[in-house]
file coords_10.cif (mmCIF, C-alpha atoms)
data_structure
loop_
_atom_site.label_atom_id
_atom_site.label_comp_id
_atom_site.auth_asym_id
_atom_site.auth_seq_id
_atom_site.Cartn_x
_atom_site.Cartn_y
_atom_site.Cartn_z
CA MET A 15 32.57 13.19 -4.78
CA ASP A 16 33.54 12.69 -1.15
CA THR A 17 30.29 12.87 0.77
CA SER A 18 31.59 12.18 4.28
CA GLU A 19 30.41 14.15 7.29
CA LYS A 20 32.54 14.83 10.35
CA GLY A 21 30.98 14.77 13.83
CA CYS A 22 32.13 17.66 16.02
CA ALA A 23 30.10 17.71 19.23
CA SER A 24 27.54 15.30 20.61
CA ARG A 25 24.75 15.59 23.15
CA LEU A 26 22.66 12.75 24.57
CA ALA A 27 19.03 13.84 24.18
CA TYR A 28 17.26 10.70 25.37
CA ASP A 29 18.53 7.59 27.14
CA GLY A 30 15.99 4.77 27.21
CA LYS A 31 15.58 1.01 27.53
CA ILE A 32 15.85 0.11 23.85
CA VAL A 33 17.02 3.33 22.20
CA ARG A 34 19.18 6.37 22.91
CA VAL A 35 18.93 9.56 20.89
CA ARG A 36 22.06 11.57 20.23
CA ILE A 37 22.26 14.98 18.59
CA ASP A 38 25.57 15.55 16.84
CA HIS A 39 26.86 18.73 15.27
CA VAL A 40 28.47 17.74 12.00
CA GLU A 41 30.51 19.35 9.27
CA LEU A 42 29.16 18.67 5.79
CA PRO A 43 31.39 17.97 2.73
CA ASN A 44 31.03 21.63 1.65
CA GLY A 45 32.27 22.86 5.04
CA SER A 46 28.91 24.09 6.34
CA MET A 47 27.54 22.90 9.67
CA THR A 48 24.31 21.13 10.54
CA TYR A 49 23.12 18.65 13.13
CA ARG A 50 22.10 15.03 12.86
CA GLU A 51 19.78 13.08 15.12
CA VAL A 52 20.96 9.53 15.67
CA VAL A 53 18.77 6.84 17.20
CA GLU A 54 21.20 4.37 18.74
CA HIS A 55 19.98 0.79 18.88
CA ALA A 56 21.90 -2.40 19.70
CA THR A 57 22.84 -4.82 16.94
CA ALA A 58 20.15 -7.42 16.35
CA VAL A 59 20.08 -10.93 14.94
CA ALA A 60 17.33 -12.44 12.79
CA ILE A 61 16.95 -16.12 11.95
CA ALA A 62 15.27 -17.82 9.02
CA ALA A 63 15.00 -21.35 10.38
CA GLU A 64 14.02 -24.17 8.08
CA THR A 65 12.31 -27.41 9.12
CA GLU A 66 13.23 -30.80 7.66
CA ASP A 67 10.23 -30.58 5.31
CA GLY A 68 11.25 -27.14 4.00
CA LYS A 69 8.98 -24.91 6.09
CA ILE A 70 10.21 -21.58 7.45
CA LEU A 71 9.55 -20.84 11.14
CA LEU A 72 7.69 -17.54 10.97
CA ILE A 73 6.19 -15.92 14.05
CA ARG A 74 3.28 -13.56 14.54
CA GLN A 75 3.41 -10.98 17.28
CA PHE A 76 1.81 -7.70 18.18
CA ARG A 77 4.17 -4.81 17.52
CA TYR A 78 3.09 -1.90 19.64
CA PRO A 79 4.81 0.86 17.58
CA VAL A 80 2.75 -0.07 14.50
CA GLY A 81 -0.38 -1.12 16.39
CA ARG A 82 -0.89 -4.54 14.92
CA GLU A 83 0.29 -8.13 14.60
CA ILE A 84 3.21 -8.52 12.20
CA ILE A 85 4.53 -11.70 10.60
CA GLU A 86 8.28 -11.92 11.10
CA VAL A 87 11.26 -14.18 11.29
CA PRO A 88 12.47 -14.58 14.90
CA ALA A 89 14.81 -11.77 15.90
CA GLY A 90 16.15 -9.92 18.86
CA ILE A 91 18.82 -7.76 20.34
CA VAL A 92 22.33 -9.07 20.94
CA GLU A 93 23.12 -8.79 24.65
CA ASP A 94 26.29 -7.20 26.00
CA GLU A 95 29.35 -9.33 25.28
CA GLU A 96 27.16 -11.99 23.65
CA ASP A 97 28.47 -13.80 20.59
CA LEU A 98 26.28 -13.22 17.48
CA VAL A 99 25.66 -16.91 16.79
CA ALA A 100 24.85 -17.51 20.47
CA ALA A 101 22.36 -14.63 20.31
CA ALA A 102 20.76 -16.08 17.16
CA LYS A 103 20.40 -19.51 18.76
CA ARG A 104 19.03 -18.02 22.00
CA GLU A 105 16.42 -15.92 20.17
CA LEU A 106 15.40 -18.91 18.06
CA ARG A 107 14.94 -21.05 21.20
CA GLU A 108 13.02 -18.31 23.05
CA GLU A 109 10.72 -17.39 20.18
CA THR A 110 10.12 -20.76 18.49
CA GLY A 111 11.21 -23.46 20.96
CA PHE A 112 13.78 -24.82 18.51
CA ASP A 113 17.56 -24.83 18.38
CA ALA A 114 19.61 -25.53 15.24
CA ARG A 115 22.64 -27.71 14.60
CA GLU A 116 23.48 -25.71 11.46
CA ILE A 117 23.46 -21.92 11.45
CA ARG A 118 25.05 -19.74 8.80
CA GLU A 119 25.19 -15.96 8.40
CA ILE A 120 23.63 -14.92 5.11
CA TYR A 121 23.60 -11.10 5.23
CA ARG A 122 24.10 -7.93 7.30
CA PHE A 123 22.11 -4.76 6.76
CA PHE A 124 20.96 -1.56 8.41
CA THR A 125 17.21 -1.20 8.94
CA SER A 126 17.11 2.58 8.50
CA PRO A 127 20.57 4.15 8.10
CA GLY A 128 19.15 7.65 7.63
CA PHE A 129 18.34 8.00 11.33
CA SER A 130 19.41 4.84 13.16
CA ASN A 131 22.49 2.64 13.53
CA GLU A 132 20.46 -0.56 13.98
CA LEU A 133 22.31 -3.39 12.22
CA ILE A 134 20.67 -6.77 11.61
CA VAL A 135 22.76 -9.88 11.14
CA LEU A 136 20.63 -12.44 9.32
CA TYR A 137 21.11 -16.19 9.73
CA HIS A 138 19.83 -19.27 7.93
CA ALA A 139 19.29 -22.12 10.40
CA LYS A 140 18.83 -25.78 9.48
CA ASP A 141 18.73 -29.17 11.17
CA ILE A 142 16.53 -27.83 13.95
CA PHE A 143 15.39 -29.72 17.09
CA PRO A 144 13.07 -28.87 20.00
CA SER A 145 14.89 -26.95 22.75
CA PHE A 146 12.69 -24.40 24.45
CA LEU A 147 14.15 -21.51 26.43
CA PRO A 148 11.82 -19.16 28.38
CA GLY A 149 11.75 -15.78 26.66
CA ASP A 150 11.06 -12.25 27.79
CA ASP A 151 7.93 -12.12 29.94
CA ASP A 152 6.52 -9.24 27.87
CA GLU A 153 6.60 -11.17 24.56
CA PHE A 154 3.58 -13.14 23.33
CA ILE A 155 4.32 -15.04 20.16
CA ASN A 156 2.39 -17.33 17.81
CA LEU A 157 4.54 -19.82 15.90
CA MET A 158 3.68 -20.19 12.21
CA PRO A 159 5.72 -22.81 10.30
CA THR A 160 5.11 -21.81 6.68
CA SER A 161 5.93 -23.60 3.43
CA LYS A 162 8.02 -21.71 0.86
CA GLU A 163 5.06 -21.64 -1.54
CA GLU A 164 2.92 -20.05 1.17
CA CYS A 165 5.75 -17.58 2.04
CA LEU A 166 5.71 -16.50 -1.59
CA ARG A 167 1.93 -16.08 -1.52
CA LEU A 168 2.20 -14.04 1.69
CA ILE A 169 4.74 -11.74 0.02
CA GLU A 170 2.63 -11.42 -3.12
CA SER A 171 -0.44 -10.50 -1.09
CA GLY A 172 1.48 -7.81 0.83
CA ALA A 173 1.14 -9.69 4.15
CA ILE A 174 4.87 -9.59 5.00
CA GLU A 175 5.14 -6.05 6.35
CA ASP A 176 8.52 -6.28 8.05
CA ALA A 177 11.69 -5.32 6.16
CA LYS A 178 14.05 -7.92 7.67
CA THR A 179 11.51 -10.69 7.01
CA LEU A 180 11.12 -9.60 3.38
CA VAL A 181 14.90 -9.64 2.97
CA ALA A 182 15.16 -13.08 4.61
CA LEU A 183 12.36 -14.67 2.58
CA LEU A 184 13.32 -13.06 -0.74
CA MET A 185 16.89 -14.33 -0.25
CA LEU A 186 15.80 -17.87 0.62
CA LEU A 187 13.20 -18.05 -2.16
CA ARG A 188 15.56 -16.95 -4.92
CA MET B 23 -3.69 -16.47 20.86
CA ASP B 24 -4.61 -12.80 20.95
CA THR B 25 -1.32 -10.95 21.41
CA SER B 26 -2.58 -7.37 21.30
CA GLU B 27 -1.36 -4.72 23.70
CA LYS B 28 -3.45 -1.78 24.86
CA GLY B 29 -1.86 1.64 25.34
CA CYS B 30 -2.96 3.38 28.54
CA ALA B 31 -0.90 6.53 29.09
CA SER B 32 1.66 8.23 26.89
CA ARG B 33 4.49 10.67 27.55
CA LEU B 34 6.57 12.51 24.94
CA ALA B 35 10.21 11.91 25.93
CA TYR B 36 11.96 13.57 22.97
CA ASP B 37 10.69 15.82 20.20
CA GLY B 38 13.20 16.28 17.39
CA LYS B 39 13.57 17.19 13.73
CA ILE B 40 13.25 13.69 12.25
CA VAL B 41 12.10 11.59 15.20
CA ARG B 42 9.98 11.83 18.33
CA VAL B 43 10.23 9.34 21.17
CA ARG B 44 7.10 8.40 23.09
CA ILE B 45 6.92 6.24 26.20
CA ASP B 46 3.59 4.45 26.53
CA HIS B 47 2.31 2.41 29.43
CA VAL B 48 0.66 -0.65 27.94
CA GLU B 49 -1.41 -3.57 29.14
CA LEU B 50 -0.09 -6.93 27.90
CA PRO B 51 -2.35 -9.81 26.76
CA ASN B 52 -1.98 -11.45 30.21
CA GLY B 53 -3.17 -8.28 31.97
CA SER B 54 0.22 -7.23 33.33
CA MET B 55 1.62 -3.78 32.66
CA THR B 56 4.84 -2.67 31.02
CA TYR B 57 6.04 0.27 28.97
CA ARG B 58 7.02 0.57 25.34
CA GLU B 59 9.35 3.09 23.75
CA VAL B 60 8.14 4.20 20.34
CA VAL B 61 10.33 6.12 17.89
CA GLU B 62 7.89 8.04 15.73
CA HIS B 63 9.08 8.74 12.21
CA ALA B 64 7.14 10.06 9.22
CA THR B 65 6.13 7.73 6.40
CA ALA B 66 8.79 7.53 3.70
CA VAL B 67 8.81 6.69 0.01
CA ALA B 68 11.53 4.78 -1.85
CA ILE B 69 11.87 4.52 -5.61
CA ALA B 70 13.50 1.87 -7.77
CA ALA B 71 13.74 3.78 -11.05
CA GLU B 72 14.68 1.94 -14.22
CA THR B 73 16.36 3.46 -17.26
CA GLU B 74 15.41 2.55 -20.82
CA ASP B 75 18.39 0.17 -21.01
CA GLY B 76 17.37 -1.64 -17.79
CA LYS B 77 19.69 0.03 -15.30
CA ILE B 78 18.49 0.87 -11.78
CA LEU B 79 19.22 4.39 -10.49
CA LEU B 80 21.10 3.68 -7.27
CA ILE B 81 22.65 6.45 -5.21
CA ARG B 82 25.59 6.53 -2.83
CA GLN B 83 25.50 8.84 0.14
CA PHE B 84 27.13 9.21 3.52
CA ARG B 85 24.80 8.11 6.29
CA TYR B 86 25.95 9.75 9.48
CA PRO B 87 24.23 7.30 11.90
CA VAL B 88 26.24 4.38 10.49
CA GLY B 89 29.39 6.37 9.72
CA ARG B 90 29.85 5.47 6.08
CA GLU B 91 28.62 5.72 2.51
CA ILE B 92 25.68 3.45 1.79
CA ILE B 93 24.31 2.38 -1.60
CA GLU B 94 20.56 2.94 -1.69
CA VAL B 95 17.56 3.51 -3.87
CA PRO B 96 16.40 7.14 -3.69
CA ALA B 97 14.09 7.71 -0.72
CA GLY B 98 12.80 10.37 1.58
CA ILE B 99 10.16 11.50 3.99
CA VAL B 100 6.65 12.34 2.80
CA GLU B 101 5.91 15.95 3.68
CA ASP B 102 2.76 17.07 5.50
CA GLU B 103 -0.32 16.72 3.31
CA GLU B 104 1.84 15.53 0.41
CA ASP B 105 0.49 12.80 -1.84
CA LEU B 106 2.62 9.61 -1.77
CA VAL B 107 3.21 9.51 -5.55
CA ALA B 108 4.05 13.22 -5.56
CA ALA B 109 6.57 12.58 -2.77
CA ALA B 110 8.12 9.70 -4.70
CA LYS B 111 8.46 11.82 -7.86
CA ARG B 112 9.88 14.76 -5.88
CA GLU B 113 12.49 12.61 -4.13
CA LEU B 114 13.45 10.98 -7.42
CA ARG B 115 13.93 14.41 -9.05
CA GLU B 116 15.89 15.78 -6.08
CA GLU B 117 18.18 12.78 -5.64
CA THR B 118 18.73 11.62 -9.24
CA GLY B 119 17.63 14.51 -11.50
CA PHE B 120 15.03 12.32 -13.22
CA ASP B 121 11.25 12.24 -13.20
CA ALA B 122 9.14 9.26 -14.36
CA ARG B 123 6.09 8.99 -16.58
CA GLU B 124 5.24 5.60 -15.10
CA ILE B 125 5.29 5.01 -11.35
CA ARG B 126 3.70 2.06 -9.60
CA GLU B 127 3.58 1.07 -5.92
CA ILE B 128 5.14 -2.35 -5.43
CA TYR B 129 5.19 -2.84 -1.65
CA ARG B 130 4.75 -1.29 1.82
CA PHE B 131 6.75 -2.35 4.84
CA PHE B 132 7.96 -1.23 8.26
CA THR B 133 11.71 -0.80 8.66
CA SER B 134 11.85 -1.83 12.32
CA PRO B 135 8.40 -2.44 13.83
CA GLY B 136 9.84 -3.46 17.21
CA PHE B 137 10.71 0.12 18.12
CA SER B 138 9.63 2.44 15.29
CA ASN B 139 6.52 3.18 13.22
CA GLU B 140 8.53 4.11 10.11
CA LEU B 141 6.63 2.84 7.06
CA ILE B 142 8.23 2.75 3.61
CA VAL B 143 6.11 2.79 0.48
CA LEU B 144 8.18 1.37 -2.35
CA TYR B 145 7.68 2.38 -5.99
CA HIS B 146 8.91 1.07 -9.31
CA ALA B 147 9.44 3.95 -11.76
CA LYS B 148 9.86 3.61 -15.52
CA ASP B 149 9.95 5.82 -18.61
CA ILE B 150 12.21 8.34 -16.87
CA PHE B 151 13.36 11.71 -18.24
CA PRO B 152 15.72 14.44 -16.97
CA SER B 153 13.94 16.87 -14.62
CA PHE B 154 16.17 18.14 -11.87
CA LEU B 155 14.77 19.65 -8.68
CA PRO B 156 17.13 21.17 -6.09
CA GLY B 157 17.21 18.94 -3.01
CA ASP B 158 17.97 19.50 0.65
CA ASP B 159 21.12 21.58 1.08
CA ASP B 160 22.53 19.06 3.57
CA GLU B 161 22.39 16.11 1.15
CA PHE B 162 25.37 15.14 -1.02
CA ILE B 163 24.60 12.34 -3.40
CA ASN B 164 26.48 10.35 -6.06
CA LEU B 165 24.30 8.88 -8.80
CA MET B 166 25.10 5.28 -9.74
CA PRO B 167 23.01 3.84 -12.61
CA THR B 168 23.59 0.09 -12.19
CA SER B 169 22.71 -2.82 -14.46
CA LYS B 170 20.62 -5.64 -12.97
CA GLU B 171 23.54 -8.05 -13.31
CA GLU B 172 25.73 -5.63 -11.35
CA CYS B 173 22.95 -5.14 -8.75
CA LEU B 174 22.95 -8.91 -8.24
CA ARG B 175 26.74 -8.93 -7.86
CA LEU B 176 26.52 -6.08 -5.33
CA ILE B 177 23.98 -8.07 -3.30
CA GLU B 178 26.05 -11.24 -3.49
CA SER B 179 29.16 -9.40 -2.30
CA GLY B 180 27.29 -7.91 0.68
CA ALA B 181 27.63 -4.35 -0.66
CA ILE B 182 23.93 -3.49 -0.38
CA GLU B 183 23.71 -2.71 3.32
CA ASP B 184 20.33 -0.96 3.41
CA ALA B 185 17.16 -2.96 4.08
CA LYS B 186 14.79 -1.02 1.77
CA THR B 187 17.30 -1.27 -1.09
CA LEU B 188 17.66 -5.02 -0.59
CA VAL B 189 13.87 -5.40 -0.65
CA ALA B 190 13.60 -3.22 -3.79
CA LEU B 191 16.35 -5.01 -5.71
CA LEU B 192 15.38 -8.54 -4.63
CA MET B 193 11.82 -7.81 -5.76
CA LEU B 194 12.88 -6.40 -9.13
CA LEU B 195 15.42 -9.14 -9.78
CA ARG B 196 13.03 -12.04 -9.11
#
call {"tool": "encode", "arguments": {"input": "coords_10.cif", "output": "structure tokens"}}
result
Amino acid sequence: MDTSEKGCASRLAYDGKIVRVRIDHVELPNGSMTYREVVEHATAVAIAAETEDGKILLIRQFRYPVGREIIEVPAGIVEDEEDLVAAAKRELREETGFDAREIREIYRFFTSPGFSNELIVLYHAKDIFPSFLPGDDDEFINLMPTSKEECLRLIESGAIEDAKTLVALLMLLR
Amino acid sequence: MDTSEKGCASRLAYDGKIVRVRIDHVELPNGSMTYREVVEHATAVAIAAETEDGKILLIRQFRYPVGREIIEVPAGIVEDEEDLVAAAKRELREETGFDAREIREIYRFFTSPGFSNELIVLYHAKDIFPSFLPGDDDEFINLMPTSKEECLRLIESGAIEDAKTLVALLMLLR
């Protein structure tokens, strides 16, 4: 069955700093009309960086939308015209103080394709070395280098509450 | 380091069908002020349902925000006052035509805690039986019962592009 939907008209309902909300009139596969809300968000990169002794550089930061500290892999929005690998290395330097000589894309996925176009490009970084870059002045981050055994325990206890971090760790721990 | 942020004032910037956007003025850990955009989204359930012969009930549906068909586990928004397990069973019936005698929560995670409060409660369903419930009239879904070996191949080829589905399959395939 062809399930595709055709956009007909679009209206910008909200234009913000991080997100824009669009309302599109669409034609459904059966010919009837409805509308779809789309939360537009820039593509993001996420980086699972591994130390020489096999620890993963996790970070802990307060995430205002969910009202608590969340354990995550470093991640951030790709800037205009920025190369994806350059964005991954920049975010890693800003959020952990490390750069990586080896960086390899391992997966691409949408965080919530039912309402948002946010795409995350996930990297595995190795051969890291100290190289701090000042980050955004509204980000306060605790670095948490974590062994793979401890990552597994964190997952099993339910402490990894972020989808991209679960994907990254489950892929690396396979 | 305490990284918590305190919300001070809040303004509703967009009030839609699936999402609401709030702009909150917040005090950062260092005492300075900024604002945060929050995309409010209801809690959702997702269900990895397993057939007697070990296949996972995947679905394929067009996701307008990303402009293509995406392979996913069944999922949907929890309705007002609805019990989480009831929501999971309802979504499973609507999207696959099966109900489950055994349903167990396996994880909870946020899809994108940097800008949204969307929480997904993930279930593993077993001992399924046919029990169709008519779904939303704007949803067109192809059912795709998929063996675990094939799920693994789909992941390895990059064909699973949805974060919750990656988490569900990687957890079940461990």
call {"tool": "resolve_selection", "arguments": {"input": "coords_10.cif", "expression": "the PyMOL selection byres ((chain B and resi 180) around 12)", "output": "list in words"}}
result
Glu119, Ile120, Tyr121, Arg122, Phe123, Phe124, Val135 and Leu136 of chain A; Ile92, Ile93, Cys173, Leu174, Arg175, Leu176, Ile177, Glu178, Ser179, Ala181, Ile182, Glu183, Asp184, Ala185 and Leu188 of chain B
call {"tool": "closest_residue", "arguments": {"input": "coords_10.cif", "among": "A:Leu42, A:Leu106, A:Leu157, A:Val99", "to": "Gln83 of chain B", "atoms": "all atoms listed in the file"}}
result
A:Leu42
call {"tool": "residues_around", "arguments": {"input": "coords_10.cif", "residues": "Val53 of chain A", "least_positions_apart": "6", "cutoff": "12 Å", "atoms": "only C-alpha atoms", "output": "ChimeraX atom specification"}}
result
/A:26-30,32-38,125-133 /B:36,38,40-43,60-63,86-88,137-138
call {"tool": "atom_distance", "arguments": {"input": "coords_10.cif", "atom1": "atom CA of Ala62 of chain A", "atom2": "atom CA of Glu91 of chain B"}}
result
27.8 Å
call {"tool": "atom_distance", "arguments": {"input": "coords_10.cif", "atom1": "atom CA of Ala108 of chain B", "atom2": "atom CA of Leu79 of chain B"}}
result
18.2 Å
call {"tool": "residues_around", "arguments": {"input": "coords_10.cif", "residues": "Phe112 of chain A", "least_positions_apart": "5", "cutoff": "9 Å", "atoms": "all atoms listed in the file", "output": "number ranges by chain"}}
result
A: 63, 103, 106-107, 142-147
call {"tool": "resolve_selection", "arguments": {"input": "coords_10.cif", "expression": "the PyMOL selection byres ((chain B and resi 117) around 7)", "output": "PyMOL selection string"}}
result
chain B and resi 96+113-116+118-119+157+163
call {"tool": "atom_distance", "arguments": {"input": "coords_10.cif", "atom1": "atom CA of Met55 of chain B", "atom2": "atom CA of Ala58 of chain A"}}
result
25.0 Å
call {"tool": "resolve_selection", "arguments": {"input": "coords_10.cif", "expression": "the PyMOL selection byres ((chain B and resi 73) around 10)", "output": "PyMOL selection string"}}
result
chain B and resi 71-72+74-79+120+122+147-151+167-169
call {"tool": "write_last_selection", "arguments": {"input": "coords_10.cif", "atoms": "C-alpha atoms", "output": "CSV table (one decimal), keeping the file's coordinate frame"}}
result
chain,number,residue,atom,x,y,z
B,71,ALA,CA,13.7,3.8,-11.0
B,72,GLU,CA,14.7,1.9,-14.2
B,74,GLU,CA,15.4,2.6,-20.8
B,75,ASP,CA,18.4,0.2,-21.0
B,76,GLY,CA,17.4,-1.6,-17.8
B,77,LYS,CA,19.7,0.0,-15.3
B,78,ILE,CA,18.5,0.9,-11.8
B,79,LEU,CA,19.2,4.4,-10.5
B,120,PHE,CA,15.0,12.3,-13.2
B,122,ALA,CA,9.1,9.3,-14.4
B,147,ALA,CA,9.4,4.0,-11.8
B,148,LYS,CA,9.9,3.6,-15.5
B,149,ASP,CA,10.0,5.8,-18.6
B,150,ILE,CA,12.2,8.3,-16.9
B,151,PHE,CA,13.4,11.7,-18.2
B,167,PRO,CA,23.0,3.8,-12.6
B,168,THR,CA,23.6,0.1,-12.2
B,169,SER,CA,22.7,-2.8,-14.5
call {"tool": "decode", "arguments": {"input": "coords_10.cif", "residues": "segment 97-124 of chain B", "atoms": "N, CA and C atoms", "output": "PDB file, in the first residue's frame"}}
result
ATOM      1  N   ALA B  97       3.313   2.625  17.984  1.00  0.00           N
ATOM      2  CA  ALA B  97       3.453   3.612  19.055  1.00  0.00           C
ATOM      3  C   ALA B  97       2.346   4.640  18.931  1.00  0.00           C
ATOM      4  N   GLY B  98       2.120   5.363  19.983  1.00  0.00           N
ATOM      5  CA  GLY B  98       1.120   6.420  19.923  1.00  0.00           C
ATOM      6  C   GLY B  98       1.019   7.144  21.246  1.00  0.00           C
ATOM      7  N   ILE B  99       0.261   8.195  21.198  1.00  0.00           N
ATOM      8  CA  ILE B  99       0.110   9.083  22.351  1.00  0.00           C
ATOM      9  C   ILE B  99      -0.870   8.486  23.362  1.00  0.00           C
ATOM     10  N   VAL B 100      -0.534   8.617  24.634  1.00  0.00           N
ATOM     11  CA  VAL B 100      -1.433   8.205  25.709  1.00  0.00           C
ATOM     12  C   VAL B 100      -2.538   9.255  25.829  1.00  0.00           C
ATOM     13  N   GLU B 101      -3.780   8.805  25.814  1.00  0.00           N
ATOM     14  CA  GLU B 101      -4.883   9.765  25.900  1.00  0.00           C
ATOM     15  C   GLU B 101      -5.094  10.235  27.346  1.00  0.00           C
ATOM     16  N   ASP B 102      -5.809  11.334  27.491  1.00  0.00           N
ATOM     17  CA  ASP B 102      -6.074  11.875  28.839  1.00  0.00           C
ATOM     18  C   ASP B 102      -6.638  10.793  29.739  1.00  0.00           C
ATOM     19  N   GLU B 103      -6.089  10.687  30.922  1.00  0.00           N
ATOM     20  CA  GLU B 103      -6.590   9.767  31.955  1.00  0.00           C
ATOM     21  C   GLU B 103      -6.403   8.296  31.585  1.00  0.00           C
ATOM     22  N   GLU B 104      -5.815   8.014  30.422  1.00  0.00           N
ATOM     23  CA  GLU B 104      -5.676   6.619  30.017  1.00  0.00           C
ATOM     24  C   GLU B 104      -4.501   5.970  30.750  1.00  0.00           C
ATOM     25  N   ASP B 105      -4.695   4.739  31.152  1.00  0.00           N
ATOM     26  CA  ASP B 105      -3.646   3.946  31.771  1.00  0.00           C
ATOM     27  C   ASP B 105      -2.582   3.601  30.707  1.00  0.00           C
ATOM     28  N   LEU B 106      -1.315   3.578  31.109  1.00  0.00           N
ATOM     29  CA  LEU B 106      -0.236   3.341  30.134  1.00  0.00           C
ATOM     30  C   LEU B 106      -0.364   1.983  29.442  1.00  0.00           C
ATOM     31  N   VAL B 107      -0.646   0.932  30.201  1.00  0.00           N
ATOM     32  CA  VAL B 107      -0.776  -0.403  29.593  1.00  0.00           C
ATOM     33  C   VAL B 107      -1.989  -0.447  28.663  1.00  0.00           C
ATOM     34  N   ALA B 108      -3.067   0.187  29.066  1.00  0.00           N
ATOM     35  CA  ALA B 108      -4.260   0.250  28.210  1.00  0.00           C
ATOM     36  C   ALA B 108      -3.931   0.972  26.902  1.00  0.00           C
ATOM     37  N   ALA B 109      -3.146   2.041  26.997  1.00  0.00           N
ATOM     38  CA  ALA B 109      -2.747   2.787  25.794  1.00  0.00           C
ATOM     39  C   ALA B 109      -1.887   1.903  24.889  1.00  0.00           C
ATOM     40  N   ALA B 110      -0.973   1.159  25.491  1.00  0.00           N
ATOM     41  CA  ALA B 110      -0.094   0.287  24.700  1.00  0.00           C
ATOM     42  C   ALA B 110      -0.915  -0.781  23.975  1.00  0.00           C
ATOM     43  N   LYS B 111      -1.882  -1.383  24.691  1.00  0.00           N
ATOM     44  CA  LYS B 111      -2.707  -2.426  24.071  1.00  0.00           C
ATOM     45  C   LYS B 111      -3.606  -1.827  22.979  1.00  0.00           C
ATOM     46  N   ARG B 112      -4.145  -0.638  23.227  1.00  0.00           N
ATOM     47  CA  ARG B 112      -4.985   0.021  22.225  1.00  0.00           C
ATOM     48  C   ARG B 112      -4.186   0.322  20.952  1.00  0.00           C
ATOM     49  N   GLU B 113      -3.001   0.915  21.119  1.00  0.00           N
ATOM     50  CA  GLU B 113      -2.183   1.242  19.946  1.00  0.00           C
ATOM     51  C   GLU B 113      -1.793  -0.019  19.175  1.00  0.00           C
ATOM     52  N   LEU B 114      -1.461  -1.068  19.908  1.00  0.00           N
ATOM     53  CA  LEU B 114      -1.095  -2.331  19.256  1.00  0.00           C
ATOM     54  C   LEU B 114      -2.272  -2.864  18.438  1.00  0.00           C
ATOM     55  N   ARG B 115      -3.478  -2.819  19.006  1.00  0.00           N
ATOM     56  CA  ARG B 115      -4.664  -3.296  18.291  1.00  0.00           C
ATOM     57  C   ARG B 115      -4.957  -2.433  17.073  1.00  0.00           C
ATOM     58  N   GLU B 116      -4.851  -1.106  17.230  1.00  0.00           N
ATOM     59  CA  GLU B 116      -5.153  -0.196  16.126  1.00  0.00           C
ATOM     60  C   GLU B 116      -4.137  -0.333  14.987  1.00  0.00           C
ATOM     61  N   GLU B 117      -2.876  -0.489  15.331  1.00  0.00           N
ATOM     62  CA  GLU B 117      -1.828  -0.411  14.305  1.00  0.00           C
ATOM     63  C   GLU B 117      -1.416  -1.770  13.747  1.00  0.00           C
ATOM     64  N   THR B 118      -1.709  -2.851  14.476  1.00  0.00           N
ATOM     65  CA  THR B 118      -1.315  -4.177  13.958  1.00  0.00           C
ATOM     66  C   THR B 118      -2.494  -5.153  13.879  1.00  0.00           C
ATOM     67  N   GLY B 119      -3.597  -4.871  14.588  1.00  0.00           N
ATOM     68  CA  GLY B 119      -4.707  -5.819  14.632  1.00  0.00           C
ATOM     69  C   GLY B 119      -4.508  -6.944  15.639  1.00  0.00           C
ATOM     70  N   PHE B 120      -3.520  -6.802  16.527  1.00  0.00           N
ATOM     71  CA  PHE B 120      -3.280  -7.825  17.546  1.00  0.00           C
ATOM     72  C   PHE B 120      -3.345  -7.222  18.947  1.00  0.00           C
ATOM     73  N   ASP B 121      -3.814  -8.033  19.875  1.00  0.00           N
ATOM     74  CA  ASP B 121      -3.736  -7.690  21.292  1.00  0.00           C
ATOM     75  C   ASP B 121      -2.741  -8.671  21.924  1.00  0.00           C
ATOM     76  N   ALA B 122      -2.359  -8.440  23.172  1.00  0.00           N
ATOM     77  CA  ALA B 122      -1.369  -9.306  23.823  1.00  0.00           C
ATOM     78  C   ALA B 122      -1.847  -9.698  25.213  1.00  0.00           C
ATOM     79  N   ARG B 123      -1.644 -10.989  25.538  1.00  0.00           N
ATOM     80  CA  ARG B 123      -1.970 -11.434  26.898  1.00  0.00           C
ATOM     81  C   ARG B 123      -0.877 -11.055  27.883  1.00  0.00           C
ATOM     82  N   GLU B 124       0.354 -10.904  27.362  1.00  0.00           N
ATOM     83  CA  GLU B 124       1.484 -10.584  28.228  1.00  0.00           C
ATOM     84  C   GLU B 124       2.113  -9.276  27.745  1.00  0.00           C
TER      85      GLU B 124
END
